[in-house]
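Engineer: The following file, my_file_1.pdb, comprises PDB, C-alpha atoms and all ligand atoms:
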ATOM      1  CA  MET A 277      90.533  92.435 182.010  1.00  0.00           C
ATOM      2  CA  LYS A 278      88.815  89.122 181.717  1.00  0.00           C
ATOM      3  CA  ILE A 279      85.204  88.466 182.611  1.00  0.00           C
ATOM      4  CA  THR A 280      83.779  85.125 183.590  1.00  0.00           C
ATOM      5  CA  LEU A 281      80.096  84.534 184.184  1.00  0.00           C
ATOM      6  CA  GLU A 282      78.391  81.984 186.348  1.00  0.00           C
ATOM      7  CA  PRO A 283      75.005  81.992 184.618  1.00  0.00           C
ATOM      8  CA  ASP A 284      73.655  79.263 186.905  1.00  0.00           C
ATOM      9  CA  ARG A 285      73.736  81.843 189.701  1.00  0.00           C
ATOM     10  CA  CYS A 286      72.127  84.643 187.697  1.00  0.00           C
ATOM     11  CA  VAL A 287      68.693  85.677 188.931  1.00  0.00           C
ATOM     12  CA  GLY A 288      68.007  87.995 186.009  1.00  0.00           C
ATOM     13  CA  ALA A 289      68.085  91.189 188.027  1.00  0.00           C
ATOM     14  CA  GLY A 290      69.577  93.108 185.102  1.00  0.00           C
ATOM     15  CA  HIS A 291      71.903  95.402 187.029  1.00  0.00           C
ATOM     16  CA  CYS A 292      74.783  94.319 184.839  1.00  0.00           C
ATOM     17  CA  VAL A 293      73.014  95.402 181.658  1.00  0.00           C
ATOM     18  CA  LEU A 294      72.173  98.771 183.170  1.00  0.00           C
ATOM     19  CA  SER A 295      75.780  99.283 184.287  1.00  0.00           C
ATOM     20  CA  ALA A 296      77.556  98.076 181.156  1.00  0.00           C
ATOM     21  CA  PRO A 297      75.223  97.470 178.209  1.00  0.00           C
ATOM     22  CA  GLU A 298      78.220  97.184 175.881  1.00  0.00           C
ATOM     23  CA  VAL A 299      79.401  94.120 177.773  1.00  0.00           C
ATOM     24  CA  PHE A 300      76.319  92.381 179.157  1.00  0.00           C
ATOM     25  CA  ASP A 301      72.921  91.440 177.788  1.00  0.00           C
ATOM     26  CA  GLN A 302      70.120  89.243 179.008  1.00  0.00           C
ATOM     27  CA  ASP A 303      68.549  86.271 177.298  1.00  0.00           C
ATOM     28  CA  GLU A 304      65.155  87.322 175.997  1.00  0.00           C
ATOM     29  CA  ALA A 305      63.577  84.058 177.069  1.00  0.00           C
ATOM     30  CA  ASP A 306      64.745  83.636 180.654  1.00  0.00           C
ATOM     31  CA  GLY A 307      66.606  86.841 181.529  1.00  0.00           C
ATOM     32  CA  VAL A 308      69.883  85.081 182.246  1.00  0.00           C
ATOM     33  CA  VAL A 309      72.974  87.168 181.672  1.00  0.00           C
ATOM     34  CA  LEU A 310      74.841  86.931 178.369  1.00  0.00           C
ATOM     35  CA  LEU A 311      78.401  88.075 177.837  1.00  0.00           C
ATOM     36  CA  LEU A 312      78.770  90.257 174.754  1.00  0.00           C
ATOM     37  CA  ASP A 313      82.441  91.101 175.261  1.00  0.00           C
ATOM     38  CA  PRO A 314      84.665  88.914 177.478  1.00  0.00           C
ATOM     39  CA  ASP A 315      87.645  91.259 177.143  1.00  0.00           C
ATOM     40  CA  PRO A 316      86.265  94.798 177.047  1.00  0.00           C
ATOM     41  CA  ALA A 317      88.171  97.975 176.321  1.00  0.00           C
ATOM     42  CA  GLU A 318      89.905  99.876 179.105  1.00  0.00           C
ATOM     43  CA  ALA A 319      87.232 102.556 179.009  1.00  0.00           C
ATOM     44  CA  LEU A 320      84.653 100.039 180.201  1.00  0.00           C
ATOM     45  CA  VAL A 321      86.613  98.721 183.174  1.00  0.00           C
ATOM     46  CA  GLY A 322      84.819 100.923 185.702  1.00  0.00           C
ATOM     47  CA  ALA A 323      81.405  99.987 184.380  1.00  0.00           C
ATOM     48  CA  VAL A 324      82.244  96.287 184.467  1.00  0.00           C
ATOM     49  CA  HIS A 325      83.426  96.485 188.075  1.00  0.00           C
ATOM     50  CA  GLU A 326      80.235  98.350 188.946  1.00  0.00           C
ATOM     51  CA  ALA A 327      78.206  95.594 187.309  1.00  0.00           C
ATOM     52  CA  ALA A 328      80.065  92.908 189.248  1.00  0.00           C
ATOM     53  CA  ASP A 329      79.645  94.793 192.518  1.00  0.00           C
ATOM     54  CA  LEU A 330      75.919  95.366 191.968  1.00  0.00           C
ATOM     55  CA  CYS A 331      75.092  91.845 190.859  1.00  0.00           C
ATOM     56  CA  PRO A 332      72.998  90.389 193.685  1.00  0.00           C
ATOM     57  CA  ALA A 333      73.913  86.836 192.690  1.00  0.00           C
ATOM     58  CA  GLN A 334      77.678  87.344 192.425  1.00  0.00           C
ATOM     59  CA  ALA A 335      77.463  85.821 188.977  1.00  0.00           C
ATOM     60  CA  ILE A 336      80.093  88.121 187.432  1.00  0.00           C
ATOM     61  CA  LEU A 337      83.763  87.449 188.075  1.00  0.00           C
ATOM     62  CA  VAL A 338      86.329  90.001 186.965  1.00  0.00           C
ATOM     63  CA  ALA A 339      90.072  89.544 186.691  1.00  0.00           C
ATOM     64  CA  GLU A 340      92.596  92.091 185.534  1.00  0.00           C
ATOM     65  CA  ALA A 341      94.962  91.151 182.727  1.00  0.00           C
ATOM     66  CA  GLY A 342      97.440  88.503 183.807  1.00  0.00           C
ATOM     67  CA  ALA A 343      95.292  87.236 186.667  1.00  0.00           C
ATOM     68  CA  GLU A 344      93.020  84.260 186.810  1.00  0.00           C
ATOM     69  CA  ALA A 345      89.346  85.114 186.473  1.00  0.00           C
ATOM     70  CA  GLY A 346      87.843  85.777 189.859  1.00  0.00           C
ATOM     71  CA  ALA A 347      91.185  85.661 191.633  1.00  0.00           C
ATOM     72  CA  ASP A 348      91.412  89.281 192.601  1.00  0.00           C
ATOM     73  CA  THR A 349      88.301  91.340 192.086  1.00  0.00           C
ATOM     74  CA  GLY A 350      85.193  89.252 192.299  1.00  0.00           C
ATOM     75  CA  PRO A 351      81.988  90.836 193.482  1.00  0.00           C
ATOM     76  CA  VAL A 352      82.200  92.531 196.842  1.00  0.00           C
ATOM     77  CA  ALA A 353      80.348  90.437 199.398  1.00  0.00           C
TER      78      ALA A 353
HETATM   79  S1  LIG A 401      73.184  91.594 187.623  1.00  0.00           S
HETATM   80 FE1  LIG A 401      73.781  89.472 188.104  1.00  0.00          FE
HETATM   81  S2  LIG A 401      71.843  88.453 188.537  1.00  0.00           S
HETATM   82 FE2  LIG A 401      71.360  90.344 187.443  1.00  0.00          FE
HETATM   83  S3  LIG A 401      71.250  89.773 185.263  1.00  0.00           S
HETATM   84 FE3  LIG A 401      73.334  90.475 185.688  1.00  0.00          FE
HETATM   85  S4  LIG A 401      74.480  88.594 186.184  1.00  0.00           S
HETATM   86 FE4  LIG A 401      72.307  88.127 186.378  1.00  0.00          FE
END
Show me the file's structure as structure tokens.
Ligand code: SF4

Structural biologist:
Amino acid sequence: MKITLEPDRCVGAGHCVLSAPEVFDQDEADGVVLLLDPDPAEALVGAVHEAADLCPAQAILVAEAGAEAGADTGPVA
């Protein structure tokens, strides 16, 4: 899986960090999402999808291996 962030959209809600703290963090100064692991292990796939689905700003784009980022499983509108 490949993760792409759109930090300009991030509103600092922090759902991503709660869902997958191994993959996401927030900047201490402004709360904007940081990507700790752009290609996380298989065991974290569910948590990453949860994070993308819960993100209120749709700032997390997820693509499975072999797909373009955001092409198949972006956040659910
Ligand atoms: S859940 Fe979305 S809006 Fe909230 S910190 Fe993470 S990326 Fe930003």

Engineer: Got a sec: who's within 6 Å of range 314-322 of chain A, counting all atoms listed in the file, leaving out chain neighbours fewer than 3 positions off, as number ranges by chain?

Structural biologist: A: 277-279, 325

Engineer: With all atoms of ligand LIG 401 (chain A) from the file as input, state the centre and edge lengths in Å to one decimal of the axis-aligned box that has 3 Å extra on each side, as AutoDock Vina command-line options.

Structural biologist:
--center_x 72.9 --center_y 89.9 --center_z 186.9 --size_x 9.2 --size_y 9.5 --size_z 9.3

Engineer: For this structure, which residues satisfy the selection - the PyMOL selection byres (((not hetatm)) within 12 of (chain A and resi 401)) - when it is evaluated on the file as given? I want them as a tab-separated table (two decimals) with C-alpha atoms, keeping the file's coordinate frame.

Structural biologist:
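Once everything was written out, this is result14.tsv:
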chain	number	residue	atom	x	y	z
A	279	ILE	CA	85.20	88.47	182.61
A	280	THR	CA	83.78	85.12	183.59
A	281	LEU	CA	80.10	84.53	184.18
A	282	GLU	CA	78.39	81.98	186.35
A	283	PRO	CA	75.00	81.99	184.62
A	284	ASP	CA	73.66	79.26	186.90
A	285	ARG	CA	73.74	81.84	189.70
A	286	CYS	CA	72.13	84.64	187.70
A	287	VAL	CA	68.69	85.68	188.93
A	288	GLY	CA	68.01	88.00	186.01
A	289	ALA	CA	68.08	91.19	188.03
A	290	GLY	CA	69.58	93.11	185.10
A	291	HIS	CA	71.90	95.40	187.03
A	292	CYS	CA	74.78	94.32	184.84
A	293	VAL	CA	73.01	95.40	181.66
A	294	LEU	CA	72.17	98.77	183.17
A	295	SER	CA	75.78	99.28	184.29
A	296	ALA	CA	77.56	98.08	181.16
A	297	PRO	CA	75.22	97.47	178.21
A	299	VAL	CA	79.40	94.12	177.77
A	300	PHE	CA	76.32	92.38	179.16
A	301	ASP	CA	72.92	91.44	177.79
A	302	GLN	CA	70.12	89.24	179.01
A	303	ASP	CA	68.55	86.27	177.30
A	304	GLU	CA	65.16	87.32	176.00
A	306	ASP	CA	64.74	83.64	180.65
A	307	GLY	CA	66.61	86.84	181.53
A	308	VAL	CA	69.88	85.08	182.25
A	309	VAL	CA	72.97	87.17	181.67
A	310	LEU	CA	74.84	86.93	178.37
A	311	LEU	CA	78.40	88.08	177.84
A	324	VAL	CA	82.24	96.29	184.47
A	325	HIS	CA	83.43	96.48	188.08
A	326	GLU	CA	80.24	98.35	188.95
A	327	ALA	CA	78.21	95.59	187.31
A	328	ALA	CA	80.06	92.91	189.25
A	329	ASP	CA	79.64	94.79	192.52
A	330	LEU	CA	75.92	95.37	191.97
A	331	CYS	CA	75.09	91.84	190.86
A	332	PRO	CA	73.00	90.39	193.68
A	333	ALA	CA	73.91	86.84	192.69
A	334	GLN	CA	77.68	87.34	192.42
A	335	ALA	CA	77.46	85.82	188.98
A	336	ILE	CA	80.09	88.12	187.43
A	337	LEU	CA	83.76	87.45	188.08
A	338	VAL	CA	86.33	90.00	186.96
A	351	PRO	CA	81.99	90.84	193.48

Engineer: Could you give me range 311-341 of chain A completed to N, CA and C atoms, formatted as a PDB file, in the frame of the given file?

Structural biologist:
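The result, written out as out35.pdb:
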ATOM      1  N   LEU A 311      77.177  87.286 177.932  1.00  0.00           N
ATOM      2  CA  LEU A 311      78.401  88.075 177.837  1.00  0.00           C
ATOM      3  C   LEU A 311      78.638  88.474 176.377  1.00  0.00           C
ATOM      4  N   LEU A 312      78.570  89.762 176.121  1.00  0.00           N
ATOM      5  CA  LEU A 312      78.770  90.257 174.754  1.00  0.00           C
ATOM      6  C   LEU A 312      80.250  90.441 174.450  1.00  0.00           C
ATOM      7  N   ASP A 313      81.027  90.792 175.485  1.00  0.00           N
ATOM      8  CA  ASP A 313      82.441  91.101 175.261  1.00  0.00           C
ATOM      9  C   ASP A 313      83.262  90.612 176.459  1.00  0.00           C
ATOM     10  N   PRO A 314      83.931  89.473 176.339  1.00  0.00           N
ATOM     11  CA  PRO A 314      84.665  88.914 177.478  1.00  0.00           C
ATOM     12  C   PRO A 314      85.957  89.658 177.808  1.00  0.00           C
ATOM     13  N   ASP A 315      86.385  90.533 176.922  1.00  0.00           N
ATOM     14  CA  ASP A 315      87.645  91.259 177.143  1.00  0.00           C
ATOM     15  C   ASP A 315      87.451  92.711 176.708  1.00  0.00           C
ATOM     16  N   PRO A 316      86.660  93.456 177.478  1.00  0.00           N
ATOM     17  CA  PRO A 316      86.265  94.798 177.047  1.00  0.00           C
ATOM     18  C   PRO A 316      87.398  95.820 177.104  1.00  0.00           C
ATOM     19  N   ALA A 317      87.187  96.898 176.385  1.00  0.00           N
ATOM     20  CA  ALA A 317      88.171  97.975 176.321  1.00  0.00           C
ATOM     21  C   ALA A 317      88.367  98.611 177.693  1.00  0.00           C
ATOM     22  N   GLU A 318      89.533  99.236 177.842  1.00  0.00           N
ATOM     23  CA  GLU A 318      89.905  99.876 179.105  1.00  0.00           C
ATOM     24  C   GLU A 318      88.843 100.868 179.584  1.00  0.00           C
ATOM     25  N   ALA A 319      88.221 101.535 178.654  1.00  0.00           N
ATOM     26  CA  ALA A 319      87.232 102.556 179.009  1.00  0.00           C
ATOM     27  C   ALA A 319      86.023 101.974 179.720  1.00  0.00           C
ATOM     28  N   LEU A 320      85.829 100.666 179.604  1.00  0.00           N
ATOM     29  CA  LEU A 320      84.653 100.039 180.201  1.00  0.00           C
ATOM     30  C   LEU A 320      84.959  99.364 181.532  1.00  0.00           C
ATOM     31  N   VAL A 321      86.206  99.433 181.965  1.00  0.00           N
ATOM     32  CA  VAL A 321      86.613  98.721 183.174  1.00  0.00           C
ATOM     33  C   VAL A 321      85.774  99.151 184.388  1.00  0.00           C
ATOM     34  N   GLY A 322      85.586 100.433 184.556  1.00  0.00           N
ATOM     35  CA  GLY A 322      84.819 100.923 185.702  1.00  0.00           C
ATOM     36  C   GLY A 322      83.393 100.421 185.680  1.00  0.00           C
ATOM     37  N   ALA A 323      82.794 100.436 184.506  1.00  0.00           N
ATOM     38  CA  ALA A 323      81.405  99.987 184.380  1.00  0.00           C
ATOM     39  C   ALA A 323      81.285  98.496 184.664  1.00  0.00           C
ATOM     40  N   VAL A 324      82.277  97.731 184.234  1.00  0.00           N
ATOM     41  CA  VAL A 324      82.244  96.287 184.467  1.00  0.00           C
ATOM     42  C   VAL A 324      82.391  95.984 185.960  1.00  0.00           C
ATOM     43  N   HIS A 325      83.281  96.690 186.628  1.00  0.00           N
ATOM     44  CA  HIS A 325      83.426  96.485 188.075  1.00  0.00           C
ATOM     45  C   HIS A 325      82.137  96.874 188.796  1.00  0.00           C
ATOM     46  N   GLU A 326      81.504  97.941 188.343  1.00  0.00           N
ATOM     47  CA  GLU A 326      80.235  98.350 188.946  1.00  0.00           C
ATOM     48  C   GLU A 326      79.204  97.246 188.776  1.00  0.00           C
ATOM     49  N   ALA A 327      79.155  96.673 187.576  1.00  0.00           N
ATOM     50  CA  ALA A 327      78.206  95.594 187.309  1.00  0.00           C
ATOM     51  C   ALA A 327      78.463  94.412 188.238  1.00  0.00           C
ATOM     52  N   ALA A 328      79.734  94.041 188.390  1.00  0.00           N
ATOM     53  CA  ALA A 328      80.065  92.908 189.248  1.00  0.00           C
ATOM     54  C   ALA A 328      79.694  93.206 190.699  1.00  0.00           C
ATOM     55  N   ASP A 329      79.941  94.426 191.135  1.00  0.00           N
ATOM     56  CA  ASP A 329      79.645  94.793 192.518  1.00  0.00           C
ATOM     57  C   ASP A 329      78.141  94.810 192.786  1.00  0.00           C
ATOM     58  N   LEU A 330      77.368  95.226 191.778  1.00  0.00           N
ATOM     59  CA  LEU A 330      75.919  95.366 191.968  1.00  0.00           C
ATOM     60  C   LEU A 330      75.174  94.059 191.783  1.00  0.00           C
ATOM     61  N   CYS A 331      75.793  93.107 191.133  1.00  0.00           N
ATOM     62  CA  CYS A 331      75.092  91.845 190.859  1.00  0.00           C
ATOM     63  C   CYS A 331      74.705  91.175 192.171  1.00  0.00           C
ATOM     64  N   PRO A 332      73.428  90.969 192.410  1.00  0.00           N
ATOM     65  CA  PRO A 332      72.998  90.389 193.685  1.00  0.00           C
ATOM     66  C   PRO A 332      73.315  88.905 193.804  1.00  0.00           C
ATOM     67  N   ALA A 333      73.653  88.279 192.689  1.00  0.00           N
ATOM     68  CA  ALA A 333      73.913  86.836 192.690  1.00  0.00           C
ATOM     69  C   ALA A 333      75.399  86.518 192.623  1.00  0.00           C
ATOM     70  N   GLN A 334      76.229  87.535 192.562  1.00  0.00           N
ATOM     71  CA  GLN A 334      77.678  87.344 192.425  1.00  0.00           C
ATOM     72  C   GLN A 334      77.982  86.410 191.265  1.00  0.00           C
ATOM     73  N   ALA A 335      77.320  86.672 190.165  1.00  0.00           N
ATOM     74  CA  ALA A 335      77.463  85.821 188.977  1.00  0.00           C
ATOM     75  C   ALA A 335      78.505  86.353 188.004  1.00  0.00           C
ATOM     76  N   ILE A 336      79.108  87.503 188.329  1.00  0.00           N
ATOM     77  CA  ILE A 336      80.093  88.121 187.432  1.00  0.00           C
ATOM     78  C   ILE A 336      81.446  88.143 188.135  1.00  0.00           C
ATOM     79  N   LEU A 337      82.406  87.473 187.531  1.00  0.00           N
ATOM     80  CA  LEU A 337      83.763  87.449 188.075  1.00  0.00           C
ATOM     81  C   LEU A 337      84.668  88.246 187.156  1.00  0.00           C
ATOM     82  N   VAL A 338      85.467  89.122 187.738  1.00  0.00           N
ATOM     83  CA  VAL A 338      86.329  90.001 186.965  1.00  0.00           C
ATOM     84  C   VAL A 338      87.775  89.800 187.387  1.00  0.00           C
ATOM     85  N   ALA A 339      88.636  89.644 186.412  1.00  0.00           N
ATOM     86  CA  ALA A 339      90.072  89.544 186.691  1.00  0.00           C
ATOM     87  C   ALA A 339      90.800  90.541 185.790  1.00  0.00           C
ATOM     88  N   GLU A 340      91.787  91.189 186.349  1.00  0.00           N
ATOM     89  CA  GLU A 340      92.596  92.091 185.534  1.00  0.00           C
ATOM     90  C   GLU A 340      93.513  91.253 184.658  1.00  0.00           C
ATOM     91  N   ALA A 341      94.073  91.864 183.636  1.00  0.00           N
ATOM     92  CA  ALA A 341      94.962  91.151 182.727  1.00  0.00           C
ATOM     93  C   ALA A 341      96.089  90.486 183.495  1.00  0.00           C
TER      94      ALA A 341
END
